[in-house]
$ cat work-v5.txt   # compact mmCIF, C-alpha atoms and all ligand atoms
# COMPACT_ATOMS: atom_id res chain seq x y z
CA MET A 237 127.74 103.69 123.36
CA PHE A 238 131.08 102.40 124.48
CA PRO A 239 133.73 104.77 125.83
CA LEU A 240 136.26 104.38 123.03
CA LEU A 241 133.89 104.79 120.13
CA PRO A 242 133.26 108.57 120.22
CA LEU A 243 136.99 109.16 119.94
CA LEU A 244 137.29 106.84 116.99
CA LEU A 245 134.29 108.41 115.27
CA ILE A 246 136.05 111.76 115.10
CA GLY A 247 137.93 110.52 112.08
CA LEU A 248 134.88 108.92 110.46
CA ALA A 249 134.66 109.41 106.70
CA GLU A 250 131.74 107.23 105.65
CA SER A 251 131.74 108.54 102.09
CA ASP A 252 134.90 106.55 101.55
CA LEU A 253 132.89 103.35 101.46
CA THR A 254 130.68 103.13 98.38
CA SER A 255 128.21 100.70 99.99
CA GLY A 256 127.69 99.22 103.43
CA PRO A 257 128.68 98.11 105.89
CA ALA A 258 125.77 95.72 106.27
CA ILE A 259 125.54 92.89 108.78
CA GLY A 260 123.92 89.47 108.46
CA CYS A 261 123.92 85.81 109.56
CA LEU A 262 124.05 86.92 113.18
CA GLU A 263 124.55 83.98 115.51
CA GLU A 264 125.58 83.35 119.12
CA THR A 265 129.29 83.78 118.50
CA GLY A 266 129.63 85.45 115.10
CA LEU A 267 128.15 87.27 112.13
CA CYS A 268 128.78 88.29 108.51
CA VAL A 269 129.76 91.84 107.54
CA MET A 270 129.85 93.25 104.02
CA ALA A 271 131.31 96.57 102.84
CA ARG A 272 132.24 97.97 99.44
CA ALA A 273 135.50 99.87 99.03
CA SER A 274 136.05 102.92 96.84
CA ASP A 275 139.71 103.10 95.93
CA GLN A 276 141.14 101.18 98.88
CA GLU A 277 143.00 98.03 97.99
CA ARG A 278 142.16 96.50 101.33
CA LEU A 279 139.64 96.98 104.12
CA GLU A 280 139.92 96.07 107.78
CA LEU A 281 137.07 95.02 110.04
CA ARG A 282 137.64 95.50 113.74
CA VAL A 283 135.11 94.28 116.32
CA LEU A 284 135.30 95.97 119.72
CA ASP A 285 134.12 94.62 123.04
CA GLY A 286 132.46 96.63 125.81
CA GLU A 287 135.77 98.04 127.04
CA GLY A 288 136.85 99.07 123.54
CA GLY A 289 139.26 96.17 123.28
CA ILE A 290 139.69 94.35 119.99
CA ALA A 291 137.64 91.17 120.03
CA TRP A 292 138.25 90.29 116.37
CA GLN A 293 139.96 91.87 113.37
CA GLN A 294 140.82 90.97 109.81
CA VAL A 295 142.19 92.75 106.73
CA LEU A 296 140.86 91.55 103.37
CA PRO A 297 141.53 92.64 99.77
CA ALA A 298 138.91 94.48 97.71
CA SER A 299 138.81 93.03 94.20
CA THR A 300 137.13 94.36 91.07
CA ASP A 301 136.26 90.71 90.36
CA HIS A 302 133.71 91.12 93.15
CA ASP A 303 132.79 94.77 92.50
CA LEU A 304 135.08 95.81 95.40
CA CYS A 305 132.73 94.13 97.87
CA VAL A 306 134.47 92.64 100.90
CA HIS A 307 132.89 89.97 103.11
CA TRP A 308 134.05 89.09 106.59
CA SER A 309 132.91 86.06 108.57
CA VAL A 310 133.38 86.94 112.24
CA THR A 311 133.76 84.15 114.79
CA GLY A 312 134.70 83.65 118.42
CA LEU A 313 132.42 86.24 120.05
CA GLU A 314 130.44 85.84 123.29
CA PRO A 315 126.65 85.18 123.21
CA SER A 316 124.16 87.88 124.30
CA THR A 317 126.87 90.54 124.17
CA ASP A 318 126.95 94.07 122.75
CA TYR A 319 129.74 94.86 120.30
CA ASP A 320 130.72 97.86 118.21
CA TYR A 321 132.59 97.47 114.96
CA LEU A 322 134.68 99.63 112.69
CA VAL A 323 135.59 99.39 109.02
CA LEU A 324 139.03 100.95 108.46
CA ASP A 325 141.47 101.70 105.70
CA PRO A 326 144.46 99.65 106.92
CA SER A 327 146.91 101.71 104.91
CA GLY A 328 148.46 104.89 106.31
CA ASP A 329 147.06 105.97 109.66
CA GLY A 330 144.13 103.55 109.66
CA GLU A 331 141.31 105.94 108.86
CA VAL A 332 137.93 104.83 110.21
CA LEU A 333 135.50 104.62 107.28
CA ALA A 334 132.33 103.44 109.04
CA ALA A 335 131.05 102.13 112.35
CA GLY A 336 128.12 100.08 113.59
CA SER A 337 126.97 97.94 116.46
CA PHE A 338 125.16 94.69 117.15
CA MET A 339 124.33 92.26 119.91
CA THR A 340 125.11 88.58 119.45
CA GLN A 341 122.26 86.14 119.77
CA ALA A 342 121.31 84.53 123.04
CA PRO A 343 122.04 80.81 123.35
CA ILE A 344 119.34 78.65 121.78
CA GLY A 345 116.68 77.86 124.34
CA SER A 346 117.03 81.19 126.18
CA LEU A 347 113.37 82.13 125.46
CA VAL A 348 114.27 85.70 124.56
CA PRO A 349 111.37 87.55 122.84
CA SER A 350 112.32 88.60 119.33
CA THR A 351 110.87 90.50 116.38
CA ILE A 352 111.57 90.09 112.68
CA ALA A 353 110.56 92.67 110.05
CA PHE A 354 109.43 91.36 106.66
CA ALA A 355 109.39 93.74 103.68
CA SER A 356 109.10 93.63 99.90
CA CYS A 357 108.73 96.00 96.97
CA ALA A 358 110.75 99.07 97.97
CA ARG A 359 112.10 102.03 96.03
CA GLU A 360 114.64 104.70 96.77
CA ASP A 361 111.84 107.14 97.60
CA ASP A 362 110.80 109.08 100.66
CA GLY A 363 108.00 106.74 101.70
CA SER A 364 110.22 103.66 101.58
CA SER A 365 112.92 105.56 103.42
CA ARG A 366 110.53 106.40 106.24
CA VAL A 367 109.68 102.70 106.59
CA TRP A 368 113.38 101.83 107.08
CA THR A 369 113.62 104.62 109.66
CA ARG A 370 110.62 103.21 111.50
CA MET A 371 112.12 99.71 111.64
CA ARG A 372 115.28 101.16 113.16
CA GLN A 373 113.29 103.18 115.65
CA ARG A 374 111.34 100.09 116.69
CA ALA A 375 114.61 98.16 117.06
CA VAL A 376 113.57 95.05 115.15
CA ASP A 377 115.97 92.15 115.67
CA ALA A 378 116.27 91.29 111.97
CA LEU A 379 115.13 92.47 108.56
CA VAL A 380 113.97 90.10 105.84
CA LEU A 381 113.87 91.45 102.29
CA LEU A 382 111.44 89.39 100.23
CA GLY A 383 112.30 90.77 96.81
CA ASP A 384 111.78 93.69 94.49
CA THR A 385 114.38 95.07 96.88
CA PRO A 386 115.61 96.65 94.66
CA TYR A 387 113.80 96.81 91.33
CA ILE A 388 116.46 95.99 88.72
CA ASP A 389 114.76 94.46 85.64
CA THR A 390 117.88 93.37 83.81
CA THR A 391 120.45 90.62 84.22
CA ASP A 392 123.27 92.85 82.96
CA LEU A 393 125.98 92.54 85.62
CA THR A 394 126.97 96.21 85.58
CA GLN A 395 123.37 97.34 85.98
CA GLN A 396 122.67 94.72 88.66
CA ARG A 397 125.62 95.94 90.71
CA ARG A 398 124.68 99.59 90.20
CA ARG A 399 121.12 99.02 91.42
CA TYR A 400 122.25 97.19 94.58
CA ARG A 401 124.56 100.10 95.34
CA GLU A 402 121.85 102.71 94.75
CA PHE A 403 119.41 100.84 96.96
CA ALA A 404 121.98 100.40 99.73
CA ASN A 405 122.95 104.06 99.72
CA VAL A 406 119.57 105.37 100.86
CA GLY A 407 120.59 106.82 104.22
CA SER A 408 117.85 105.28 106.34
CA PHE A 409 118.39 101.84 104.79
CA ALA A 410 122.16 102.10 105.23
CA ASP A 411 121.71 103.04 108.88
CA LEU A 412 119.29 100.14 109.42
CA VAL A 413 121.40 97.36 107.93
CA ARG A 414 124.62 98.69 109.48
CA ASN A 415 123.12 97.86 112.87
CA THR A 416 120.43 95.24 112.14
CA PRO A 417 121.10 91.89 110.46
CA VAL A 418 119.53 91.69 107.02
CA TYR A 419 118.48 88.50 105.23
CA SER A 420 117.40 88.50 101.60
CA THR A 421 115.79 86.59 98.81
CA TRP A 422 114.70 87.94 95.47
CA ASP A 423 111.53 88.22 93.48
CA ASP A 424 111.12 88.74 89.75
CA HIS A 425 112.40 92.31 89.41
CA ASP A 426 115.66 91.78 91.29
CA PHE A 427 116.06 88.35 89.68
CA GLY A 428 115.99 90.19 86.38
CA ALA A 429 112.61 90.59 84.65
CA ASN A 430 108.91 90.92 85.44
CA ASP A 431 107.06 87.64 86.15
CA THR A 432 110.03 85.57 84.97
CA ASP A 433 111.31 82.15 86.00
CA GLY A 434 114.57 80.18 86.10
CA ARG A 435 114.91 80.05 82.33
CA LEU A 436 115.90 83.73 82.31
CA GLU A 437 119.08 84.35 80.35
CA GLY A 438 121.88 85.88 82.41
CA LYS A 439 120.53 84.79 85.82
CA GLU A 440 124.10 83.92 86.88
CA ASN A 441 124.87 87.65 86.79
CA SER A 442 121.91 88.37 89.08
CA ARG A 443 123.13 85.78 91.55
CA GLN A 444 126.68 87.14 91.47
CA ALA A 445 125.54 90.72 92.17
CA PHE A 446 123.23 89.53 94.96
CA LEU A 447 125.97 87.56 96.70
CA GLU A 448 128.45 90.42 96.31
CA HIS A 449 126.16 93.08 97.74
CA ARG A 450 124.28 91.29 100.53
CA PRO A 451 125.75 89.71 103.68
CA ASN A 452 123.85 86.60 102.71
CA PRO A 453 126.34 83.82 101.97
CA VAL A 454 125.30 80.44 100.61
CA PRO A 455 127.33 77.23 100.75
CA ASP A 456 129.76 76.40 97.95
CA GLY A 457 128.08 74.27 95.33
CA GLN A 458 124.56 75.44 96.10
CA GLN A 459 122.55 76.80 93.20
CA GLY A 460 120.03 79.56 93.90
CA ILE A 461 120.12 81.83 96.94
CA GLN A 462 117.95 79.97 99.48
CA SER A 463 119.04 80.33 103.09
CA ALA A 464 117.75 79.81 106.62
CA PHE A 465 118.40 81.64 109.85
CA ARG A 466 117.15 81.71 113.41
CA VAL A 467 116.32 84.67 115.64
CA GLY A 468 115.30 83.71 119.16
CA ASP A 469 112.63 81.04 118.83
CA ILE A 470 111.74 81.80 115.18
CA GLU A 471 113.51 80.07 112.30
CA VAL A 472 113.01 81.52 108.83
CA PHE A 473 113.39 79.41 105.70
CA LEU A 474 113.98 81.97 102.98
CA LEU A 475 113.29 80.19 99.71
CA ASP A 476 114.33 80.99 96.15
CA ALA A 477 111.24 80.80 93.96
CA ARG A 478 112.93 82.08 90.78
CA TRP A 479 116.26 80.36 90.12
CA PHE A 480 114.89 76.83 89.65
CA ALA A 481 111.33 77.60 88.48
CA GLY A 482 110.55 76.01 85.14
CA THR A 483 114.03 74.54 84.72
CA GLU A 484 113.14 70.88 85.26
CA PRO A 485 110.09 68.64 85.69
CA SER A 486 108.61 68.70 89.17
CA MET A 487 109.66 65.77 91.33
CA PHE A 488 106.02 65.60 92.47
CA ASP A 489 104.44 65.52 88.98
CA ASP A 490 106.85 65.08 86.10
CA SER A 491 104.28 66.35 83.62
CA LYS A 492 104.51 69.79 85.22
CA PRO A 493 107.35 72.26 85.84
CA THR A 494 109.08 72.60 89.18
CA LEU A 495 108.96 75.74 91.30
CA LEU A 496 111.67 75.08 93.91
CA GLY A 497 113.71 72.46 92.06
CA ALA A 498 114.79 69.06 93.39
CA SER A 499 117.95 70.32 95.11
CA GLN A 500 116.11 73.07 96.99
CA TRP A 501 113.37 70.64 98.02
CA SER A 502 116.04 68.35 99.43
CA TRP A 503 117.63 71.26 101.30
CA LEU A 504 114.26 72.39 102.68
CA ARG A 505 113.33 68.92 103.88
CA THR A 506 116.65 68.55 105.69
CA ARG A 507 116.50 72.00 107.28
CA LEU A 508 112.86 71.74 108.36
CA ALA A 509 113.43 68.29 109.87
CA ALA A 510 116.40 69.60 111.86
CA SER A 511 114.70 72.75 113.17
CA THR A 512 114.17 73.04 116.91
CA ALA A 513 112.58 76.52 116.75
CA THR A 514 109.08 76.87 118.21
CA PHE A 515 107.90 78.90 115.20
CA LYS A 516 108.97 78.20 111.62
CA VAL A 517 108.42 80.77 108.87
CA ILE A 518 108.51 79.52 105.28
CA ALA A 519 108.96 82.60 103.10
CA THR A 520 109.19 83.41 99.40
CA GLY A 521 108.83 86.57 97.38
CA MET A 522 105.79 85.15 95.60
CA ILE A 523 102.58 84.42 97.46
CA PHE A 524 101.27 80.97 98.29
CA ASN A 525 97.49 81.46 97.89
CA ASP A 526 95.36 81.68 94.76
CA ALA A 527 93.85 85.15 95.24
CA VAL A 528 95.75 87.18 92.65
CA ARG A 529 94.95 89.88 90.10
CA PRO A 530 93.79 88.71 86.63
CA ASN A 531 96.48 87.26 84.34
CA LYS A 532 99.11 86.86 87.07
CA THR A 533 101.20 83.73 86.57
CA ASP A 534 103.99 83.87 89.16
CA TYR A 535 102.53 82.57 92.38
CA TRP A 536 102.49 79.21 94.16
CA GLY A 537 98.90 78.61 93.00
CA ASN A 538 100.24 78.23 89.48
CA TYR A 539 102.33 75.32 90.78
CA PRO A 540 99.60 73.53 92.81
CA HIS A 541 101.51 70.24 92.78
CA GLU A 542 104.46 71.89 94.55
CA ARG A 543 102.24 73.80 97.00
CA GLN A 544 100.55 70.52 97.92
CA ALA A 545 104.01 68.98 98.29
CA LEU A 546 104.88 71.72 100.78
CA PHE A 547 101.74 71.01 102.78
CA ASP A 548 102.51 67.28 102.64
CA LEU A 549 106.08 67.86 103.81
CA VAL A 550 104.97 69.91 106.83
CA GLY A 551 102.46 67.19 107.70
CA GLU A 552 104.86 64.29 107.14
CA LEU A 553 107.46 65.89 109.41
CA GLY A 554 104.75 66.61 112.00
CA LEU A 555 105.81 70.24 112.29
CA GLU A 556 104.08 72.56 114.72
CA GLY A 557 104.20 76.34 114.57
CA VAL A 558 104.56 76.77 110.81
CA VAL A 559 103.42 79.96 109.06
CA LEU A 560 103.92 81.26 105.51
CA VAL A 561 105.12 84.72 104.43
CA GLY A 562 104.99 86.19 100.92
CA GLY A 563 105.38 89.58 99.26
CA ASP A 564 105.11 90.74 95.64
CA VAL A 565 101.39 91.53 95.15
CA HIS A 566 101.19 95.14 96.40
CA ARG A 567 98.51 94.39 99.02
CA HIS A 568 99.13 93.59 102.68
CA ARG A 569 97.05 90.54 103.53
CA ILE A 570 96.50 87.61 105.86
CA VAL A 571 95.02 84.44 104.36
CA ARG A 572 94.14 81.14 106.02
CA HIS A 573 94.93 78.11 103.85
CA ILE A 574 91.74 76.20 104.58
CA ASP A 575 92.77 73.43 102.19
CA SER A 576 96.00 72.75 104.09
CA SER A 577 94.33 71.13 107.12
CA ASP A 578 94.14 67.58 105.79
CA ALA A 579 97.84 67.43 105.02
CA VAL A 580 99.27 69.70 107.71
CA GLY A 581 96.88 68.99 110.58
CA TYR A 582 95.96 72.66 111.02
CA GLU A 583 95.27 75.63 108.78
CA LEU A 584 98.46 77.28 107.63
CA VAL A 585 98.29 81.06 107.91
CA GLU A 586 99.93 83.20 105.23
CA PHE A 587 101.07 86.78 105.88
CA ILE A 588 101.71 88.99 102.85
CA SER A 589 103.95 92.04 103.24
CA SER A 590 103.94 94.26 100.12
CA PRO A 591 104.69 97.06 99.35
CA VAL A 592 107.18 99.18 101.30
CA HIS A 593 106.64 101.82 98.59
CA ASP A 594 103.13 103.23 98.05
CA GLN A 595 102.08 101.70 94.73
CA ILE A 596 99.04 99.61 95.60
CA ILE A 597 97.41 97.32 93.01
CA ALA A 598 93.64 97.58 93.41
CA ALA A 599 92.97 94.48 91.28
CA ALA A 600 95.05 92.38 93.68
CA ASN A 601 92.26 92.65 96.25
CA ALA A 602 90.99 89.30 95.00
CA PRO A 603 88.48 87.28 97.04
CA HIS A 604 89.62 84.21 98.99
CA PRO A 605 87.51 82.06 101.34
CA GLY A 606 90.24 82.24 103.97
CA LEU A 607 90.89 85.98 103.72
CA VAL A 608 91.45 87.44 107.20
CA LEU A 609 92.83 90.88 106.37
CA ASP A 610 93.42 93.14 103.37
CA ILE A 611 95.16 96.51 103.68
CA GLY A 612 95.06 98.67 100.56
CA THR A 613 97.72 101.23 101.48
CA GLY A 614 101.46 101.28 101.11
CA ASN A 615 104.57 102.26 103.12
CA ILE A 616 103.90 99.32 105.44
CA TYR A 617 105.85 96.31 106.67
CA LEU A 618 105.08 93.20 108.72
CA GLU A 619 106.53 92.36 112.10
CA LEU A 620 106.39 88.81 113.45
CA SER A 621 107.28 88.57 117.13
CA CYS A 622 107.60 85.46 119.25
CA ASP A 623 107.23 85.16 122.97
CA THR A 624 107.89 81.66 124.23
CA ALA A 625 108.45 82.46 127.90
CA GLY A 626 104.83 81.90 128.99
CA ASP A 627 102.82 78.70 129.35
CA GLU A 628 101.68 78.97 125.73
CA PRO A 629 104.12 80.27 123.11
CA VAL A 630 102.59 83.06 121.04
CA LEU A 631 103.44 84.51 117.65
CA THR A 632 102.21 88.09 117.18
CA SER A 633 101.72 89.73 113.77
CA ARG A 634 101.78 93.49 113.38
CA TYR A 635 101.38 95.54 110.21
CA VAL A 636 103.21 98.80 110.91
CA ASP A 637 103.18 101.92 108.73
CA ALA A 638 105.90 104.52 108.24
CA ALA A 639 104.36 106.70 110.94
CA GLY A 640 104.63 103.86 113.45
CA ARG A 641 100.91 103.11 113.58
CA GLU A 642 100.11 99.44 114.23
CA LEU A 643 97.35 98.97 111.65
CA ASP A 644 96.60 95.35 112.55
CA VAL A 645 97.77 93.30 115.53
CA ARG A 646 96.90 89.62 116.03
CA HIS A 647 98.09 86.93 118.40
CA TRP A 648 98.58 83.40 117.12
CA PRO A 649 99.10 80.88 119.93
CA LEU A 650 101.13 77.79 119.15
CA ALA A 651 98.03 75.73 120.01
CA SER A 652 96.45 77.00 116.78
CA MET A 653 99.39 75.59 114.83
CA ARG A 654 99.33 72.08 116.14
CA ARG A 655 97.61 68.90 114.94
CA PRO A 656 94.62 68.20 117.24
CA VAL A 657 95.03 65.25 119.61
CA GLN A 658 93.07 62.30 118.24
CA GLY A 659 90.76 60.03 120.24
CA GLY A 660 89.88 60.54 123.91
CA SER A 661 86.92 59.21 125.88
FE FE X 1 106.78 94.74 93.48
$ encode --input "work-v5.txt" --output "structure tokens"
Amino acid sequence: MFPLLPLLLIGLAESDLTSGPAIGCLEETGLCVMARASDQERLELRVLDGEGGIAWQQVLPASTDHDLCVHWSVTGLEPSTDYDYLVLDPSGDGEVLAAGSFMTQAPIGSLVPSTIAFASCAREDDGSSRVWTRMRQRAVDALVLLGDTPYIDTTDLTQQRRRYREFANVGSFADLVRNTPVYSTWDDHDFGANDTDGRLEGKENSRQAFLEHRPNPVPDGQQGIQSAFRVGDIEVFLLDARWFAGTEPSMFDDSKPTLLGASQWSWLRTRLAASTATFKVIATGMIFNDAVRPNKTDYWGNYPHERQALFDLVGELGLEGVVLVGGDVHRHRIVRHIDSSDAVGYELVEFISSPVHDQIIAAANAPHPGLVLDIGTGNIYLELSCDTAGDEPVLTSRYVDAAGRELDVRHWPLASMRRPVQGGS
């Protein structure tokens, strides 16, 4: 804690913000911050350095056009540096409404160990709340929300906004994302309806509420909510498997519907080709493998032409260190994609993290020839940690429950995610 902050916190009145602050897109010299005003016309963000000096500040208006959500894009900070920040009411005596802290990322190539939490399917209940508390206690470097975070089940804009606010106002979640960067995609229930696809009426409202309430900006002109970010030596490609699904013929088989859509495929190809991270996580809300409960339709296995295209893309680009992460199915699982070897050069491993709440689906314990792990209890999340400082970079997976128990821990050396060297004497 920095010397100036306790004094400033005396005047803290966090109830005066109706959501947030939440931080995201944390980089070496900047980050995104989101907060929702109550009746303030403007909000100020003030970033403080280690001596309590002002490193960055900006006042922005809060507009009902954006549900009073204010987004700051902070720049010009120092890498690997601790900062505190304050959200203030710039009118009157500058009342402090909320405070948080963060550390900027180390310069790329610094080989700093890092841990990312992956979670899906959460409710505003005690069990989910204890999972958020555990993540904070374990000081994960980033949180990825894979969807059904929250459950919304309508595309009505008012209801969408209300559900994001309710989800964000769970105390343990609010505390976590005030101090830990959060990155999000959606699954069917936050997109708007169970098992739905991109033909859903009103999906523009879902996208508007998402972009208002999460510090998860996307470039102007981009459809969908896909994004990518890097933490240490892991880069996460957080795909949108709902917005485009079923809206156009697949570019890989025009007799079948697309899952990701041509524009997202183009984006993914460009981003994957440019990645210099040792480990690359390709993540969607829906799962990639075929082991699902009876009558389930929304999974990559129902779009086999696009799943094969993903394998082909990884192989064509010669990418090492690729793993898959999914959520949605209400079982925590690890599955080896045995059929990916020909295209990729090694077996892609898929980690499934679902649910944060405790509603397990027994029928989702479907057999798969590459099944490595199945956990049939809830209130669990997945940690992926990378350590690239040694001779052999290692990715470690941990399934952690609300009590902090590590239910399954496995080490995945980079050598297991690399095309074997051909030939030799
Ligand atoms: Fe769910």
$ closest_atom_pairs --input "work-v5.txt" --of "chain A" --to "ligand FE 1 (chain X)" --cutoff "12 Å" --atoms "all atoms listed in the file" --output "CSV"
residue,atom,partner,partner_atom,distance
A:Ala355,CA,X:FE1,FE,10.6
A:Ser356,CA,X:FE1,FE,6.9
A:Cys357,CA,X:FE1,FE,4.2
A:Ala358,CA,X:FE1,FE,7.4
A:Arg359,CA,X:FE1,FE,9.4
A:Leu381,CA,X:FE1,FE,11.8
A:Leu382,CA,X:FE1,FE,9.8
A:Gly383,CA,X:FE1,FE,7.6
A:Asp384,CA,X:FE1,FE,5.2
A:Thr385,CA,X:FE1,FE,8.3
A:Pro386,CA,X:FE1,FE,9.1
A:Tyr387,CA,X:FE1,FE,7.6
A:Ile388,CA,X:FE1,FE,10.9
A:Asp389,CA,X:FE1,FE,11.2
A:Trp422,CA,X:FE1,FE,10.6
A:Asp423,CA,X:FE1,FE,8.1
A:Asp424,CA,X:FE1,FE,8.3
A:His425,CA,X:FE1,FE,7.4
A:Asp426,CA,X:FE1,FE,9.6
A:Phe427,CA,X:FE1,FE,11.9
A:Ala429,CA,X:FE1,FE,11.4
A:Asn430,CA,X:FE1,FE,9.2
A:Asp431,CA,X:FE1,FE,10.2
A:Gly521,CA,X:FE1,FE,9.3
A:Met522,CA,X:FE1,FE,9.9
A:Ile523,CA,X:FE1,FE,11.8
A:Gly562,CA,X:FE1,FE,11.5
A:Gly563,CA,X:FE1,FE,7.9
A:Asp564,CA,X:FE1,FE,4.8
A:Val565,CA,X:FE1,FE,6.5
A:His566,CA,X:FE1,FE,6.3
A:Arg567,CA,X:FE1,FE,10.0
A:Ser589,CA,X:FE1,FE,10.5
A:Ser590,CA,X:FE1,FE,7.2
A:Pro591,CA,X:FE1,FE,6.6
A:Val592,CA,X:FE1,FE,9.0
A:His593,CA,X:FE1,FE,8.7
A:Asp594,CA,X:FE1,FE,10.3
A:Gln595,CA,X:FE1,FE,8.5
A:Ile596,CA,X:FE1,FE,9.4
A:Ile597,CA,X:FE1,FE,9.7
A:Ala600,CA,X:FE1,FE,12.0
A:Gly614,CA,X:FE1,FE,11.4
$ write_last_selection --input "work-v5.txt" --atoms "C-alpha atoms" --output "mmCIF file, in the coordinates of the input"
data_model
loop_
_atom_site.group_PDB
_atom_site.id
_atom_site.type_symbol
_atom_site.label_atom_id
_atom_site.label_comp_id
_atom_site.auth_asym_id
_atom_site.auth_seq_id
_atom_site.Cartn_x
_atom_site.Cartn_y
_atom_site.Cartn_z
ATOM 1 C CA ALA A 355 109.390 93.740 103.680
ATOM 2 C CA SER A 356 109.100 93.630 99.900
ATOM 3 C CA CYS A 357 108.730 96.000 96.970
ATOM 4 C CA ALA A 358 110.750 99.070 97.970
ATOM 5 C CA ARG A 359 112.100 102.030 96.030
ATOM 6 C CA LEU A 381 113.870 91.450 102.290
ATOM 7 C CA LEU A 382 111.440 89.390 100.230
ATOM 8 C CA GLY A 383 112.300 90.770 96.810
ATOM 9 C CA ASP A 384 111.780 93.690 94.490
ATOM 10 C CA THR A 385 114.380 95.070 96.880
ATOM 11 C CA PRO A 386 115.610 96.650 94.660
ATOM 12 C CA TYR A 387 113.800 96.810 91.330
ATOM 13 C CA ILE A 388 116.460 95.990 88.720
ATOM 14 C CA ASP A 389 114.760 94.460 85.640
ATOM 15 C CA TRP A 422 114.700 87.940 95.470
ATOM 16 C CA ASP A 423 111.530 88.220 93.480
ATOM 17 C CA ASP A 424 111.120 88.740 89.750
ATOM 18 C CA HIS A 425 112.400 92.310 89.410
ATOM 19 C CA ASP A 426 115.660 91.780 91.290
ATOM 20 C CA PHE A 427 116.060 88.350 89.680
ATOM 21 C CA ALA A 429 112.610 90.590 84.650
ATOM 22 C CA ASN A 430 108.910 90.920 85.440
ATOM 23 C CA ASP A 431 107.060 87.640 86.150
ATOM 24 C CA GLY A 521 108.830 86.570 97.380
ATOM 25 C CA MET A 522 105.790 85.150 95.600
ATOM 26 C CA ILE A 523 102.580 84.420 97.460
ATOM 27 C CA GLY A 562 104.990 86.190 100.920
ATOM 28 C CA GLY A 563 105.380 89.580 99.260
ATOM 29 C CA ASP A 564 105.110 90.740 95.640
ATOM 30 C CA VAL A 565 101.390 91.530 95.150
ATOM 31 C CA HIS A 566 101.190 95.140 96.400
ATOM 32 C CA ARG A 567 98.510 94.390 99.020
ATOM 33 C CA SER A 589 103.950 92.040 103.240
ATOM 34 C CA SER A 590 103.940 94.260 100.120
ATOM 35 C CA PRO A 591 104.690 97.060 99.350
ATOM 36 C CA VAL A 592 107.180 99.180 101.300
ATOM 37 C CA HIS A 593 106.640 101.820 98.590
ATOM 38 C CA ASP A 594 103.130 103.230 98.050
ATOM 39 C CA GLN A 595 102.080 101.700 94.730
ATOM 40 C CA ILE A 596 99.040 99.610 95.600
ATOM 41 C CA ILE A 597 97.410 97.320 93.010
ATOM 42 C CA ALA A 600 95.050 92.380 93.680
ATOM 43 C CA GLY A 614 101.460 101.280 101.110
#
$ residues_near_point --input "work-v5.txt" --point "(127.0, 90.5, 130.0)" --cutoff "12 Å" --atoms "all atoms listed in the file" --output "ChimeraX atom specification"
/A:285-287,314-319,339-340,342
$ closest_residue --input "work-v5.txt" --among "A:Gln395, A:Val348, A:Asp252, A:Gln459" --to "Gly626 in chain A" --atoms "all atoms listed in the file"
A:Val348
$ closest_atom_pairs --input "work-v5.txt" --of "range 294-409 of chain A" --to "range 628-632 of chain A" --cutoff "10 Å" --atoms "all atoms listed in the file" --output "JSON lines"
{"residue": "A:Leu347", "atom": "CA", "partner": "A:Pro629", "partner_atom": "CA", "distance": 9.7}
{"residue": "A:Pro349", "atom": "CA", "partner": "A:Leu631", "partner_atom": "CA", "distance": 10.0}
{"residue": "A:Ser350", "atom": "CA", "partner": "A:Leu631", "partner_atom": "CA", "distance": 9.9}
{"residue": "A:Thr351", "atom": "CA", "partner": "A:Thr632", "partner_atom": "CA", "distance": 9.0}
$ closest_residue --input "work-v5.txt" --among "A:Leu584, A:Ala579, A:Val571, A:Leu618" --to "Pro605 in chain A" --atoms "only C-alpha atoms"
A:Val571
$ atom_distance --input "work-v5.txt" --atom1 "CA of His573 in chain A" --atom2 "CA of Arg505 in chain A"
20.6 Å
$ atom_distance --input "work-v5.txt" --atom1 "CA of Thr494 in chain A" --atom2 "CA of Asn538 in chain A"
10.5 Å
$ residues_around --input "work-v5.txt" --residues "Val295 in chain A" --least-positions-apart "4" --cutoff "7 Å" --atoms "all atoms listed in the file" --output "NGL selection string"
:A and (278-281)
$ residues_near_point --input "work-v5.txt" --point "(126.1, 102.1, 96.8)" --cutoff "8 Å" --atoms "only C-alpha atoms" --output "PDB file with C-alpha atoms, keeping the file's coordinate frame"
ATOM      1  CA  THR A 254     130.680 103.130  98.380  1.00  0.00           C
ATOM      2  CA  SER A 255     128.210 100.700  99.990  1.00  0.00           C
ATOM      3  CA  GLY A 256     127.690  99.220 103.430  1.00  0.00           C
ATOM      4  CA  ARG A 272     132.240  97.970  99.440  1.00  0.00           C
ATOM      5  CA  ARG A 398     124.680  99.590  90.200  1.00  0.00           C
ATOM      6  CA  ARG A 399     121.120  99.020  91.420  1.00  0.00           C
ATOM      7  CA  TYR A 400     122.250  97.190  94.580  1.00  0.00           C
ATOM      8  CA  ARG A 401     124.560 100.100  95.340  1.00  0.00           C
ATOM      9  CA  GLU A 402     121.850 102.710  94.750  1.00  0.00           C
ATOM     10  CA  PHE A 403     119.410 100.840  96.960  1.00  0.00           C
ATOM     11  CA  ALA A 404     121.980 100.400  99.730  1.00  0.00           C
ATOM     12  CA  ASN A 405     122.950 104.060  99.720  1.00  0.00           C
TER      13      ASN A 405
END
$ residues_around --input "work-v5.txt" --residues "Ser499 in chain A" --least-positions-apart "2" --cutoff "12 Å" --atoms "all atoms listed in the file" --output "number ranges by chain"
A: 457-462, 475-476, 479-481, 483-484, 486-487, 494-497, 501-506
$ atom_distance --input "work-v5.txt" --atom1 "CA of Ala258 in chain A" --atom2 "CA of Asn452 in chain A"
10.0 Å
